[in-house]
Every structure is written in structure tokens, then in C-alpha cells.
>>> print(open('coords_7.txt').read())   # compact mmCIF, C-alpha atoms
# COMPACT_ATOMS: atom_id res chain seq x y z
CA MET R 1168 41.44 -9.94 49.63
CA THR R 1169 43.09 -9.85 53.05
CA ASP R 1170 43.84 -12.92 55.12
CA TRP R 1171 43.53 -10.81 58.27
CA ALA R 1172 47.02 -11.77 59.41
CA LYS R 1173 48.75 -9.35 61.74
CA ILE R 1174 51.25 -7.10 59.96
CA GLU R 1175 54.22 -6.25 62.16
CA VAL R 1176 55.70 -2.74 62.01
CA LYS R 1177 58.81 -3.87 60.09
CA ASP R 1178 56.67 -5.60 57.47
CA PHE R 1179 54.46 -2.52 57.27
CA MET R 1180 57.51 -0.35 56.59
CA ASP R 1181 58.69 -2.72 53.85
CA LEU R 1182 55.27 -2.59 52.21
CA VAL R 1183 55.17 1.21 52.34
CA ARG R 1184 58.53 1.29 50.56
CA SER R 1185 57.31 -1.14 47.90
CA ASP R 1186 56.19 -0.01 44.46
CA GLU R 1187 52.60 -1.15 44.97
CA HIS R 1188 50.07 1.55 44.03
CA VAL R 1189 48.94 3.47 47.10
CA ASP R 1190 45.24 3.00 46.29
CA LEU R 1191 45.70 -0.78 46.51
CA LEU R 1192 48.11 -0.65 49.42
CA VAL R 1193 45.78 1.38 51.63
CA GLY R 1194 43.30 -1.47 51.77
CA ARG R 1195 45.90 -4.14 52.28
CA ILE R 1196 47.91 -2.55 55.11
CA VAL R 1197 45.59 0.08 56.64
CA LEU R 1198 41.89 -0.71 56.35
CA ASP R 1199 41.38 -4.40 55.57
CA ARG R 1200 43.68 -5.96 58.15
CA LEU R 1201 43.92 -7.11 61.73
CA PRO R 1202 44.97 -4.02 63.71
CA PHE R 1203 48.43 -3.99 65.24
CA THR R 1204 47.01 -3.80 68.78
CA PHE R 1205 44.44 -6.62 68.50
CA ASP R 1206 45.42 -10.24 69.07
CA SER R 1207 42.58 -11.87 67.17
CA LYS R 1208 40.13 -11.28 64.37
CA ALA R 1209 37.31 -12.40 66.69
CA GLY R 1210 38.18 -9.72 69.26
CA TYR R 1211 38.39 -7.01 66.63
CA PHE R 1212 35.09 -8.04 65.04
CA LEU R 1213 33.36 -8.12 68.44
CA TRP R 1214 34.50 -4.57 69.23
CA ARG R 1215 33.32 -3.37 65.81
CA HIS R 1216 29.99 -5.13 66.25
CA GLU R 1217 29.33 -3.51 69.62
CA LEU R 1218 30.34 -0.05 68.42
CA GLY R 1219 28.29 -0.42 65.25
CA SER R 1220 25.25 -1.47 67.25
CA GLY R 1221 25.54 1.57 69.50
CA PHE R 1222 26.29 3.96 66.63
CA GLN R 1223 23.46 2.43 64.57
CA VAL R 1224 25.71 1.60 61.64
CA ASP R 1225 26.87 -1.67 60.12
CA ALA R 1226 29.84 -3.17 61.95
CA ARG R 1227 31.75 -3.27 58.66
CA ASP R 1228 31.57 0.53 58.60
CA VAL R 1229 33.54 0.87 61.85
CA VAL R 1230 37.30 0.71 61.31
CA LEU R 1231 40.28 1.24 63.58
CA VAL R 1232 42.85 3.48 61.87
CA GLY R 1233 45.91 5.43 62.96
CA SER R 1234 48.84 4.13 64.98
CA ALA R 1235 46.68 1.73 67.02
CA ALA R 1236 45.88 -0.01 63.74
CA ILE R 1237 49.20 0.04 61.92
CA GLY R 1238 51.78 0.70 64.64
CA ARG R 1239 52.73 4.16 63.43
CA SER R 1240 50.87 7.41 62.91
CA LEU R 1241 50.38 8.57 59.32
CA ASN R 1242 49.85 12.14 60.50
CA PRO R 1243 52.78 14.42 59.53
CA GLN R 1244 51.79 16.81 62.34
CA LYS R 1245 52.60 13.97 64.75
CA ARG R 1246 55.89 13.35 62.93
CA PHE R 1247 54.72 9.87 61.92
CA LYS R 1248 55.53 8.67 65.44
CA VAL R 1249 55.22 5.04 66.49
CA PHE R 1250 52.35 3.82 68.66
CA GLY R 1251 53.11 4.56 72.31
CA SER R 1252 51.67 5.05 75.76
CA GLN R 1253 50.20 8.46 74.86
CA SER R 1254 48.73 7.46 71.50
CA ASP R 1255 45.01 7.97 70.86
CA ILE R 1256 42.57 5.45 69.44
CA ASP R 1257 41.46 6.66 66.01
CA ILE R 1258 38.09 5.33 64.86
CA ALA R 1259 36.66 5.81 61.37
CA VAL R 1260 32.90 5.47 60.88
CA VAL R 1261 31.37 5.38 57.40
CA SER R 1262 27.80 6.66 57.58
CA PRO R 1263 26.14 8.95 55.03
CA THR R 1264 23.22 9.39 57.43
CA HIS R 1265 25.32 10.65 60.34
CA PHE R 1266 27.53 12.66 58.00
CA ASP R 1267 24.48 14.50 56.62
CA ARG R 1268 23.11 15.12 60.12
CA ALA R 1269 26.48 16.51 61.22
CA TRP R 1270 26.75 18.69 58.10
CA HIS R 1271 23.25 20.03 58.76
CA TRP R 1272 24.38 20.95 62.28
CA PHE R 1273 27.46 22.78 60.99
CA ARG R 1274 25.39 24.75 58.45
CA ASN R 1275 22.81 25.86 61.00
CA THR R 1276 24.99 26.53 64.04
CA ASP R 1277 26.38 29.92 65.01
CA PRO R 1278 29.78 29.13 66.58
CA LEU R 1279 29.63 32.35 68.60
CA LEU R 1280 26.78 30.86 70.64
CA LEU R 1281 28.88 27.82 71.54
CA HIS R 1282 31.65 29.84 73.22
CA LEU R 1283 34.32 27.62 71.65
CA ASP R 1284 37.97 27.96 72.56
CA GLY R 1285 40.40 29.07 69.87
CA ASP R 1286 41.48 25.64 68.64
CA THR R 1287 37.93 24.27 68.54
CA ARG R 1288 36.69 27.35 66.68
CA ARG R 1289 39.41 26.90 64.09
CA THR R 1290 38.38 23.26 63.69
CA PHE R 1291 34.75 24.35 63.29
CA ASP R 1292 35.71 26.80 60.55
CA GLN R 1293 37.96 24.23 58.89
CA HIS R 1294 34.99 21.92 58.46
CA LYS R 1295 33.11 24.51 56.44
CA LYS R 1296 36.19 25.36 54.36
CA GLN R 1297 37.62 21.91 53.73
CA TYR R 1298 36.65 18.81 55.71
CA ILE R 1299 33.00 18.63 54.69
CA PHE R 1300 33.94 18.83 51.02
CA GLU R 1301 36.39 15.95 51.55
CA GLY R 1302 33.53 13.90 53.00
CA MET R 1303 34.80 13.90 56.59
CA VAL R 1304 33.64 15.19 59.99
CA ALA R 1305 35.96 15.20 63.00
CA ALA R 1306 33.08 14.13 65.18
CA ASN R 1307 35.01 13.66 68.41
CA VAL R 1308 35.64 17.40 68.71
CA PHE R 1309 31.91 18.13 68.55
CA LEU R 1310 30.24 15.03 70.00
CA GLY R 1311 28.98 17.11 72.89
CA TYR R 1312 27.03 19.24 70.39
CA LEU R 1313 25.97 16.91 67.58
CA PRO R 1314 22.38 15.60 67.78
CA PHE R 1315 23.57 11.99 68.12
CA GLY R 1316 26.66 12.87 70.13
CA GLN R 1317 25.56 11.84 73.61
CA ASP R 1318 24.50 8.40 72.37
CA TRP R 1319 27.87 7.94 70.71
CA LEU R 1320 29.76 9.07 73.81
CA ARG R 1321 27.90 6.51 75.90
CA THR R 1322 28.62 3.85 73.30
CA LEU R 1323 32.34 4.64 73.32
CA GLN R 1324 32.40 4.37 77.09
CA ARG R 1325 30.41 1.11 77.12
CA CYS R 1326 32.49 -0.53 74.42
CA GLU R 1327 35.84 0.21 76.02
CA ARG R 1328 35.55 -3.17 77.76
CA TYR R 1329 35.85 -4.87 74.36
CA LEU R 1330 39.18 -3.23 73.61
CA PRO R 1331 42.48 -5.02 74.31
CA PRO R 1332 43.91 -4.01 77.72
CA LEU R 1333 46.63 -2.05 75.90
CA LEU R 1334 43.99 0.32 74.47
CA ARG R 1335 41.76 0.88 77.47
CA GLY R 1336 41.80 4.28 79.15
CA ARG R 1337 43.04 6.13 76.08
CA VAL R 1338 41.48 9.11 74.32
CA GLN R 1339 39.17 7.88 71.55
CA THR R 1340 38.81 10.07 68.47
CA VAL R 1341 36.05 9.52 65.92
CA ARG R 1342 35.82 10.71 62.33
CA ILE R 1343 32.69 10.24 60.25
CA TYR R 1344 33.06 9.68 56.51
CA LYS R 1345 30.36 10.22 53.93
CA ASP R 1346 31.20 6.99 52.11
CA ASN R 1347 33.93 4.39 51.72
CA GLN R 1348 35.56 6.35 48.94
CA ALA R 1349 36.06 9.35 51.24
CA LEU R 1350 37.64 7.10 53.89
CA ARG R 1351 39.96 5.39 51.43
CA GLU R 1352 40.99 8.68 49.83
CA ALA R 1353 41.81 10.18 53.22
CA GLN R 1354 43.92 7.19 54.23
CA ALA R 1355 45.58 7.08 50.81
CA ARG R 1356 46.62 10.74 51.14
CA SER R 1357 48.14 10.03 54.54
CA LEU R 1358 49.90 6.90 53.30
CA GLN R 1359 51.31 8.76 50.30
CA ALA R 1360 52.55 11.55 52.58
CA TYR R 1361 54.36 8.97 54.70
CA ARG R 1362 55.80 7.30 51.60
CA ASN R 1363 57.10 10.69 50.42
CA TYR R 1364 58.57 11.35 53.86
CA LEU R 1365 60.48 8.06 53.82
CA ALA R 1366 61.71 8.68 50.28
CA ASN R 1367 62.99 12.16 51.16
CA LYS R 1368 64.59 10.85 54.34
CA SER R 1369 66.46 8.09 52.52
CA SER R 1370 67.72 10.47 49.82
CA SER R 1371 68.98 13.14 52.22
>>> encode(input="coords_7.txt", output="C-alpha cells")
Amino acid sequence: MTDWAKIEVKDFMDLVRSDEHVDLLVGRIVLDRLPFTFDSKAGYFLWRHELGSGFQVDARDVVLVGSAAIGRSLNPQKRFKVFGSQSDIDIAVVSPTHFDRAWHWFRNTDPLLLHLDGDTRRTFDQHKKQYIFEGMVAANVFLGYLPFGQDWLRTLQRCERYLPPLLRGRVQTVRIYKDNQALREAQARSLQAYRNYLANKSSS
């Protein structure tokens, strides 16, 4: 059970290097913690409450992840870089209802009719090949098309006022997870990748 104390980047790095099992560690230092960029539990809970209300999900199912949460990206494609002025805000939403609605949209949409650019088309195809089966939808890429997308976009814009000043004005990315297990497994994979990266770096 977390005490919701802020974990500084150095402490985070020490915990990643520890021998604690990644499935336990992901809750302790990624999901069930006060994000690196928030000063108080009250402020973080207020932001989650407002987003959850607008998204029509429980506030507990809205979680800040990524470098804005832990101080460093767990994405190897971003070279595990530290949180900086160009970093996005990564938001995870656990909602089987919205996941199913998004999956229904992917199954019934002809991407040729959307006139997607190359990168977006590849992301569309990747959902059908991989992401959906991992219980995840990269909703931010398709919010303009998803049936609930416009409501969510307005909610993101409205709730920016509840973010710490450091986070305002940044790109906000949203991923929808089918359930908590899918979210934890995704974060555990990323955390394990970072742990492997650090181990290889120290041995080279």
C-alpha cells in the first residue's frame, strides 16, 4: 500500500535497480504514487476527479503515467529520456466500456475513407494486429474519429486548469485500457525494458 509520498528521480532509479519483482514494483513506483510533477495528493486527486467526470469513468481509473509521473520516460523509442520541456503528458484510462466502443469503431471503419497520413495509418493497422489484443487503444491518435472523442477532447481542454503550471500547454496523450491488468502489464513491460537497459549499460 503506497503512502503517496513523492519519489524523486534518484530514488526511482535505485528502486528500478533493486531486486524487487517488477509486477510489485510497477504499482509502487509507477501507478500507485504521487506523480513527480504534482506537489500534493489533493491536487492530483482533483485533476483525476475532473477528468473522470468528463470521461464518464471512475476517478480511480484515470492515472498519470510516463515521464510526467516518474521523471523519466519508460519508452525505449524515446531513449528513456528524462522529463523535460518538450515532454508530453501521458494519461492512462481504464474503461472496458470505452475500450469496447473504440474496438467496435476499429472493426467497422475503412481507413481508406479517413484519408490518414502514413504514420496514422500504420498506427491504425497496428491496433488490429497488436494493441487491441494487448487490451490497449492509443485513443489520442483517433480522438477526432472515435464516437466519444469530441467529449474527451473538450474534457482535456477544460481540465488543463487543474494541472500544475509545469504541465499546462503540453501535448496530452491518452491510452484506454480494457482493464487494470492490461494497464499493469503494459507498464510492467516498459519497466522491465528499462531495467534491462540499465543492466546492459552497467555491464558494458
>>> closest_residue(input="coords_7.txt", among="R:Phe1273, R:Phe1179, R:Trp1319, R:Tyr1298", to="R:Gln1339", atoms="all atoms listed in the file")
R:Trp1319
>>> atom_distance(input="coords_7.txt", atom1="atom CA of R:Arg1200", atom2="atom CA of R:Leu1231")
9.6 Å
>>> closest_residue(input="coords_7.txt", among="R:Ile1196, R:Ala1353, R:Val1230, R:Leu1283", to="R:Ile1256", atoms="all atoms listed in the file")
R:Val1230
>>> residues_around(input="coords_7.txt", residues="stretch 1266-1272 of chain R", least_positions_apart="2", cutoff="9 Å", atoms="all atoms listed in the file", output="list in words")
Val1261, Ser1262, Pro1263, Thr1264, Arg1274, Asn1275, Thr1276, His1294, Lys1295, Ile1299, Gly1302, Met1303, Val1304, Ala1306, Tyr1312, Leu1313, Pro1314, Phe1315, Ile1343, Tyr1344, Lys1345 and Asp1346 of chain R
>>> closest_residue(input="coords_7.txt", among="R:Leu1358, R:Gly1311, R:Phe1300, R:Ala1235", to="R:Leu1334", atoms="all atoms listed in the file")
R:Ala1235
>>> closest_residue(input="coords_7.txt", among="R:Ser1207, R:Asn1363, R:Ser1234, R:Ser1370", to="R:Pro1331", atoms="all atoms listed in the file")
R:Ser1207
>>> residues_near_point(input="coords_7.txt", point="(32.5, 0.2, 66.5)", cutoff="9 Å", atoms="only C-alpha atoms", output="ChimeraX atom specification")
/R:1212-1222,1224-1231,1258-1260,1322-1323,1326
